[in-house]
Amino acid sequence: MDIPHVETVKEAIGSQAVEVLGKIFESRKGEPPSVPIQRFRADHEEWISTLDILEGTYSLIERSRESADYLIRSYALPLIGSSESDEILNIMDKIYTRFPELYKEHLSQPIGIDTLCGSVSGRKDLINEALYYMSQSHGVYSGMTTGFPYIENSTFCISETVLSKKSIGRVLSEYYEWHFVNPKNQIASLESFAPSGADTWSVFFKEDTSDGKPDWYDYLGDTQKALILEIDSALSNELEALPTIGLRNLLEKIKGKRLGKLGNLIRKKRG
């Protein structure tokens, strides 16, 4: 399946991150397929920082509800490039091509697994895995039963968005555009901006380096870099409201990555 921007994303995350994703995918077990976090990190201590970046910066892996296992996200599949990951993507594409017709017939009503799969053939475990990844992809579903698709008689509600996004490849490439391609272009635009009459373009970065940025800047994802540069640009123009909004957005993104489901639980208890 030809999915735009795959090479751009692989270049952005680096060859070691691609290797780590492949190893997690190769080692996955269970329903949904995953690898134990503590065991995997202990066996691959040389990858610990890369694992943290894949999870916290790029969101290409995530933790299970109990935070005991790493789960591959659907957006990582095209980056892996193995025969099995490609097979899962092909199954996802075949199932997804039926979604516009199924949505028109059922609208937002729950649909069973057998109906979703239709005439799709292949290994049952890979079909279920394909359904799982689709259920975790943005804009594909509007609801589902807990444990989908591994619980018997589980159901899935298709989102209206499938009428405009005609393939699973489009769903995945749109994620790449939002999180890698557009921020990268935005960074290039913001870094070339210099306020009129200013000695330096930045009031936020004051490091004594060639580009004025601290070492931690290179560990950020492009989305986070673009947001920081927007804040810096607004500060350099002596604006007040925009930097505050941008800083709040940045903190929410970081907090969401670090706290995850724990943060949601804390908020619910406080509410």
# chains A, B, ... in the order shown; residues from 1 in each chain; ligands from 1
>>> residues_around(residues="Thr155 of chain A", least_positions_apart="4", cutoff="7 Å", atoms="only C-alpha atoms", output="compact mmCIF listing (two decimals) with C-alpha atoms, in the first residue's frame")
# COMPACT_ATOMS: atom_id res chain seq x y z
CA PRO A 110 -23.46 -0.74 16.18
CA ILE A 111 -22.17 -3.25 13.62
CA GLY A 112 -20.91 -6.75 14.44
CA ILE A 113 -17.46 -8.04 13.53
CA MET A 144 -17.40 0.49 20.24
CA THR A 145 -17.92 -2.13 22.91
CA PHE A 148 -13.33 -4.75 20.75
>>> residues_around(residues="Lys124 of chain A", least_positions_apart="2", cutoff="12 Å", atoms="only C-alpha atoms", output="PyMOL selection string")
chain A and resi 88+91+113-114+117+120-122+126-131+149-150
>>> write_last_selection(atoms="all heavy atoms", output="compact mmCIF listing (two decimals), in the first residue's frame")
# COMPACT_ATOMS: atom_id res chain seq x y z
N ILE A 88 -1.23 -6.78 7.57
CA ILE A 88 -2.24 -6.17 8.43
C ILE A 88 -2.78 -4.89 7.79
O ILE A 88 -3.99 -4.64 7.79
CB ILE A 88 -1.66 -5.89 9.83
CG1 ILE A 88 -1.39 -7.20 10.56
CG2 ILE A 88 -2.61 -5.01 10.65
CD1 ILE A 88 -0.64 -7.03 11.87
N ILE A 91 -5.21 -5.79 5.07
CA ILE A 91 -6.50 -6.21 5.64
C ILE A 91 -7.28 -4.98 6.09
O ILE A 91 -8.49 -4.87 5.85
CB ILE A 91 -6.28 -7.18 6.81
CG1 ILE A 91 -5.68 -8.49 6.32
CG2 ILE A 91 -7.60 -7.46 7.53
CD1 ILE A 91 -5.24 -9.43 7.42
N ILE A 113 -18.74 -7.76 14.18
CA ILE A 113 -17.46 -8.04 13.53
C ILE A 113 -17.64 -8.74 12.19
O ILE A 113 -16.98 -8.42 11.21
CB ILE A 113 -16.56 -8.88 14.46
CG1 ILE A 113 -16.16 -8.06 15.68
CG2 ILE A 113 -15.31 -9.36 13.73
CD1 ILE A 113 -15.35 -8.84 16.71
N ASP A 114 -18.55 -9.73 12.14
CA ASP A 114 -18.75 -10.47 10.89
C ASP A 114 -19.19 -9.55 9.77
O ASP A 114 -18.75 -9.70 8.62
CB ASP A 114 -19.78 -11.58 11.10
CG ASP A 114 -19.28 -12.70 12.00
OD1 ASP A 114 -18.04 -12.79 12.17
OD2 ASP A 114 -20.11 -13.45 12.53
N CYS A 117 -16.17 -7.30 8.62
CA CYS A 117 -15.15 -8.00 7.82
C CYS A 117 -15.67 -8.42 6.46
O CYS A 117 -14.91 -8.45 5.48
CB CYS A 117 -14.65 -9.22 8.59
SG CYS A 117 -13.76 -8.80 10.09
N VAL A 120 -13.60 -10.44 3.73
CA VAL A 120 -12.15 -10.40 3.97
C VAL A 120 -11.66 -11.76 4.44
O VAL A 120 -12.23 -12.36 5.36
CB VAL A 120 -11.80 -9.32 5.01
CG1 VAL A 120 -10.31 -9.35 5.32
CG2 VAL A 120 -12.20 -7.95 4.50
N SER A 121 -10.61 -12.25 3.82
CA SER A 121 -10.06 -13.55 4.21
C SER A 121 -8.65 -13.35 4.77
O SER A 121 -8.02 -12.33 4.55
CB SER A 121 -10.02 -14.50 3.01
OG SER A 121 -9.21 -13.96 1.97
N GLY A 122 -8.17 -14.37 5.48
CA GLY A 122 -6.84 -14.29 6.06
C GLY A 122 -6.81 -14.89 7.44
O GLY A 122 -7.81 -15.44 7.93
N LEU A 126 -4.70 -11.97 12.58
CA LEU A 126 -4.32 -10.74 11.89
C LEU A 126 -5.54 -9.89 11.56
O LEU A 126 -5.47 -8.66 11.58
CB LEU A 126 -3.53 -11.06 10.62
CG LEU A 126 -2.16 -11.72 10.82
CD1 LEU A 126 -1.43 -11.84 9.49
CD2 LEU A 126 -1.31 -10.93 11.82
N ILE A 127 -6.67 -10.55 11.25
CA ILE A 127 -7.91 -9.79 11.00
C ILE A 127 -8.34 -9.06 12.27
O ILE A 127 -8.69 -7.88 12.25
CB ILE A 127 -9.02 -10.73 10.49
CG1 ILE A 127 -8.68 -11.25 9.10
CG2 ILE A 127 -10.36 -9.99 10.46
CD1 ILE A 127 -9.66 -12.29 8.58
N ASN A 128 -8.29 -9.76 13.41
CA ASN A 128 -8.63 -9.12 14.68
C ASN A 128 -7.66 -7.99 15.00
O ASN A 128 -8.07 -6.93 15.51
CB ASN A 128 -8.63 -10.14 15.81
CG ASN A 128 -9.88 -11.00 15.84
OD1 ASN A 128 -10.88 -10.64 15.24
ND2 ASN A 128 -9.82 -12.13 16.51
N GLU A 129 -6.39 -8.22 14.71
CA GLU A 129 -5.39 -7.18 14.98
C GLU A 129 -5.66 -5.96 14.09
O GLU A 129 -5.54 -4.82 14.54
CB GLU A 129 -3.99 -7.71 14.75
CG GLU A 129 -2.90 -6.79 15.27
CD GLU A 129 -1.52 -7.43 15.28
OE1 GLU A 129 -1.40 -8.63 14.96
OE2 GLU A 129 -0.56 -6.73 15.63
N ALA A 130 -6.01 -6.21 12.83
CA ALA A 130 -6.35 -5.10 11.92
C ALA A 130 -7.54 -4.32 12.45
O ALA A 130 -7.54 -3.07 12.44
CB ALA A 130 -6.65 -5.65 10.53
N LEU A 131 -8.55 -5.02 12.93
CA LEU A 131 -9.73 -4.35 13.50
C LEU A 131 -9.34 -3.54 14.74
O LEU A 131 -9.85 -2.43 14.95
CB LEU A 131 -10.80 -5.38 13.86
CG LEU A 131 -11.57 -6.00 12.70
CD1 LEU A 131 -12.38 -7.20 13.19
CD2 LEU A 131 -12.48 -4.96 12.05
N PRO A 149 -11.71 -5.86 19.28
CA PRO A 149 -12.65 -6.85 18.72
C PRO A 149 -12.50 -8.23 19.35
O PRO A 149 -12.95 -9.23 18.79
CB PRO A 149 -12.18 -6.91 17.26
CG PRO A 149 -10.69 -6.79 17.38
CD PRO A 149 -10.43 -5.86 18.54
N TYR A 150 -11.86 -8.29 20.54
CA TYR A 150 -11.50 -9.58 21.12
C TYR A 150 -12.59 -10.18 22.00
O TYR A 150 -12.48 -11.33 22.41
CB TYR A 150 -10.20 -9.43 21.90
CG TYR A 150 -9.04 -9.03 21.01
CD1 TYR A 150 -8.54 -7.73 21.02
CD2 TYR A 150 -8.47 -9.94 20.13
CE1 TYR A 150 -7.49 -7.36 20.19
CE2 TYR A 150 -7.42 -9.59 19.29
CZ TYR A 150 -6.93 -8.29 19.33
OH TYR A 150 -5.91 -7.93 18.50
>>> select_by_dssp(residues="segment 43-234 of chain A", states="helix (DSSP H, G or I)", output="PyMOL selection string")
chain A and resi 43+45-56+74-80+83-96+99-106+113-117+124-135+160-163+168-191+215-219+222-234
>>> residues_around(residues="segment 73-76 of chain A", least_positions_apart="5", cutoff="7 Å", atoms="only C-alpha atoms", output="list of chain:residue names")
A:Leu60, A:Ile61, A:Glu62, A:Tyr133, A:Ser137, A:Leu172
>>> write_last_selection(atoms="N, CA and C atoms", output="compact mmCIF listing (two decimals), in the first residue's frame")
# COMPACT_ATOMS: atom_id res chain seq x y z
N LEU A 60 3.96 7.01 18.84
CA LEU A 60 3.87 5.87 17.94
C LEU A 60 3.74 4.56 18.71
N ILE A 61 3.99 4.60 20.02
CA ILE A 61 3.65 3.51 20.91
C ILE A 61 2.92 4.10 22.10
N GLU A 62 2.16 3.27 22.80
CA GLU A 62 1.45 3.73 23.98
C GLU A 62 1.40 2.62 25.01
N TYR A 133 -6.38 -2.11 15.41
CA TYR A 133 -5.68 -0.90 15.01
C TYR A 133 -6.64 0.13 14.41
N SER A 137 -7.68 4.29 15.53
CA SER A 137 -7.29 5.33 14.56
C SER A 137 -8.28 6.49 14.59
N LEU A 172 -4.03 7.44 7.89
CA LEU A 172 -2.69 7.39 8.44
C LEU A 172 -1.84 8.56 7.95
>>> closest_residue(among="A:Gly169, A:Pro100, A:Pro78, A:Pro214", to="Lys10 of chain A", atoms="only C-alpha atoms")
A:Pro78
>>> select_by_dssp(residues="segment 7-195 of chain A", states="strand (DSSP E or B)", output="ChimeraX atom specification")
/A:29,34-36,61-63,69-72,111-112,141-144,155-158
>>> residues_around(residues="Gly143 of chain A", least_positions_apart="5", cutoff="9 Å", atoms="only C-alpha atoms", output="ChimeraX atom specification")
/A:108,110,135,155-159
